[in-house]
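Heads up, the thing below is written out as structure tokens.
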Amino acid sequence: MDLNLLRVLDALLQENSVTRAAERLGTSPAATSRALARLRRAVGDPLLVRAGQGLVPTPRAVELRDEVGALLRGCDNVLRPGAGFEAVHLQRTFTVQATDLLLAQLAGPLTERVRDRAPDVDVVFLPEALEGDPALREGTLDVELGVLGHLDPEIRTQSLVRRPLVGVARSGHPLFRKRIDARRFAAADHIGISRHGKRLGPIDHALAERGLRRRIAVVVPSHTSAMLLARATDLVTLTLDGWLPDPTSALGLRTFPIPLDLDPVDLGMAWHPRNSADPGHRWFREHVAAAVRGASG
């Protein structure tokens, strides 16, 4: 059955007139009359019958009037972007992938924001264990957070904050006895952070431009293990400026500016375009962005 006939039927049952129904629909009385004939055959009922100069509904038409109206309103709501969305009624699980450094700062604020506004929404945090593009494409991930690189053009991204890198060492480290310049920074033994065991990065390139080289004595897969290792040794590692100040201090660690000309770290959010217009996903992304910006001060 042509679903457009439902709109004709709704207009006819509201107006009890072919002419007025045609005006309401923006069509001709002849076209509306032909549609009424098709409706009569489909329903097996005359629906509207002549009574003097007008038309009156049959008992079957009266039964259908409210049902057809409700059905059309439901269709309109389905096709209207974001119609009727209320976060408090949302029942859904969102999956977020990020480094442990980001999660340590964001998991609490983001969880509180979501639970306050949508108590039936669950959030699953994952480490950087999945390949970004395939996981986003397959729906294994809803959102990827962090330094976004090597993403396919189809993936949607949003830049959130830019933070400088700073060095981290235990408070009693010999580095802090004098001004930390590039040469003294390079002379210290360092902790590399890479889940793939990568050693070199922008810092090494900046040092090489000055004719300097640092030693990456240890490579660990997470920032948490790097911070704990720096706490117990004279190894130096890296973190984001102003990130997790209280835990850093509680671990007996101290940050310092890196004496090199380095670009700030861009932190962003990535998601698959199929979720761009989804009202629930859009709502969640807005709160992820707000949590990241709030955590960065």
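Going through the structure tokens in order, the chains are called A, B, and so on, while each chain numbers its residues from 1 and the ligands are numbered from 1 in the order shown.
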Skipping near chain neighbours, those fewer than 3 positions away, what residues fall within 12 Å of Leu200 in chain A using only C-alpha atoms, listed as a list in words?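 The contact residues come out as His190, Ile191, Gly192, Ile193, Ser194, His196, Gly197, Ile203, Asp204, His205, Ala206, Leu207, Ala208, Arg213, Arg214, Arg215, Ile216, Ala217 and Val219 of chain A.
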So which bits of range 41-162 of chain A end up alpha helix (DSSP H) when you DSSP the backbone, as a PyMOL selection string? chain A and resi 41-43+59-79+100-117+132-138
Surrounding residues of Met269 in chain A excluding itself and chain neighbours under 3 positions, 9 Å, only C-alpha atoms, as a PyMOL selection string: chain A and resi 143-148+156-160+285+288-289
How would you write, as a list in words, the set of residues in range 108-141 of chain A that DSSP gives as strand (DSSP E or B)?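 Listing strand (DSSP E or B) positions across range 108-141 of chain A yields Val121, Asp122, Val123, Val124, Phe125 and Leu126 of chain A.
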Would you output that residue set with N, CA and C atoms, as a PDB file, in the first residue's frame?
```
ATOM      1  N   VAL A 121      22.907   5.415  30.907  1.00  0.00           N
ATOM      2  CA  VAL A 121      23.991   5.321  29.925  1.00  0.00           C
ATOM      3  C   VAL A 121      25.241   4.768  30.604  1.00  0.00           C
ATOM      4  N   ASP A 122      25.848   3.766  29.983  1.00  0.00           N
ATOM      5  CA  ASP A 122      27.096   3.181  30.473  1.00  0.00           C
ATOM      6  C   ASP A 122      28.238   3.602  29.558  1.00  0.00           C
ATOM      7  N   VAL A 123      29.428   3.731  30.154  1.00  0.00           N
ATOM      8  CA  VAL A 123      30.625   4.106  29.393  1.00  0.00           C
ATOM      9  C   VAL A 123      31.688   3.041  29.613  1.00  0.00           C
ATOM     10  N   VAL A 124      32.229   2.519  28.516  1.00  0.00           N
ATOM     11  CA  VAL A 124      33.312   1.545  28.568  1.00  0.00           C
ATOM     12  C   VAL A 124      34.586   2.226  28.070  1.00  0.00           C
ATOM     13  N   PHE A 125      35.604   2.300  28.923  1.00  0.00           N
ATOM     14  CA  PHE A 125      36.885   2.891  28.558  1.00  0.00           C
ATOM     15  C   PHE A 125      37.850   1.777  28.159  1.00  0.00           C
ATOM     16  N   LEU A 126      38.498   1.952  27.019  1.00  0.00           N
ATOM     17  CA  LEU A 126      39.449   0.968  26.525  1.00  0.00           C
ATOM     18  C   LEU A 126      40.825   1.615  26.346  1.00  0.00           C
TER      19      LEU A 126
END
```
Nearest-residue call for Pro273 in chain A, choices A:Gly139, A:Ala186, A:Glu209, A:Asp181, using only C-alpha atoms: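 Of A:Gly139, A:Ala186, A:Glu209, A:Asp181, the one nearest Pro273 in chain A, counting only C-alpha atoms, is A:Gly139.
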Excluding Leu136 in chain A and any residue of its chain fewer than 5 positions from it, enumerate the residues within 12 Å of it, using only C-alpha atoms, and give them as a PyMOL selection string. chain A and resi 94-97+130-131+141-145+151-152+154-157+269-275
Can those selected residues be exported to a file as a compact mmCIF listing (two decimals), in the first residue's frame so that it contains C-alpha atoms?
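To be explicit, this is the file written out as out08.txt:
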```txt
# COMPACT_ATOMS: atom_id res chain seq x y z
CA PHE A 94 29.38 4.17 24.61
CA THR A 95 32.93 2.95 24.14
CA VAL A 96 35.88 5.35 24.41
CA GLN A 97 39.51 4.60 23.60
CA LEU A 130 42.44 -1.28 18.82
CA GLU A 131 43.29 0.14 15.43
CA LEU A 141 34.61 2.12 19.25
CA ASP A 142 32.30 5.11 19.49
CA VAL A 143 34.99 7.70 20.19
CA GLU A 144 38.77 7.78 20.01
CA LEU A 145 40.60 10.38 22.11
CA LEU A 151 43.06 8.47 10.05
CA ASP A 152 41.11 7.83 6.86
CA GLU A 154 36.02 9.49 6.07
CA ILE A 155 36.63 9.69 9.82
CA ARG A 156 35.26 12.82 11.50
CA THR A 157 37.53 14.64 13.94
CA MET A 269 38.26 13.32 19.25
CA ALA A 270 37.45 11.01 16.32
CA TRP A 271 34.26 9.16 15.36
CA HIS A 272 32.71 7.50 12.31
CA PRO A 273 30.45 9.69 10.13
CA ARG A 274 27.51 7.29 10.44
CA ASN A 275 27.17 8.58 14.02
```
Measure the distance from CA of Lys198 in chain A to CA of Arg179 in chain A in Å and round it to one decimal. 29.1 Å
Nearest candidate to Met227 in chain A (options A:Gly167, A:Pro257, A:Gly294, A:Gly69; using only C-alpha atoms):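 So, comparing all the options, the nearest one is A:Gly167.
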Could you check which of A:Arg170, A:Ser33, A:Gly26, A:His281 is closest to Phe85 in chain A, using only C-alpha atoms?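 Smallest separation from Phe85 in chain A among the options: A:His281.
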Hey, can you check how far CA of Thr237 in chain A sits from CA of Val292 in chain A?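 We find that CA of Thr237 in chain A and CA of Val292 in chain A lie 22.6 Å from each other.
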Point-to-point distance from CA of Pro245 in chain A to CA of Gln105 in chain A, Å rounded to tenths: 9.9 Å
Which one is closest to Arg231 in chain A: A:Asp120, A:Ala70, A:Glu138, A:His173? Count only C-alpha atoms.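 So, comparing all the options, the nearest one is A:His173.
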Would you mind telling me which residue in A:Ala188, A:Leu238, A:Leu12, A:Val56 lies nearest to Arg24 in chain A when using only C-alpha atoms?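 Between A:Ala188, A:Leu238, A:Leu12, A:Val56, the residue approaching Arg24 in chain A most closely is A:Leu12.
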When you look at Glu67 in chain A with a cut-off of 12 Å (counting only C-alpha atoms), what residues show up, excluding the ones that are within fewer than 6 positions of it in the same chain? I need them as a list in words.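 Once the nearby chain positions are removed, what remains is Leu6, Leu9, Asp10, Leu13, Arg60, Ala61, Arg73 and Gly74 of chain A.
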Point out the residue among A:Ala169, A:Leu262, A:Ala290, A:Leu175 with the least atom-to-atom distance to Ser249 in chain A, counting only C-alpha atoms. A:Ala169
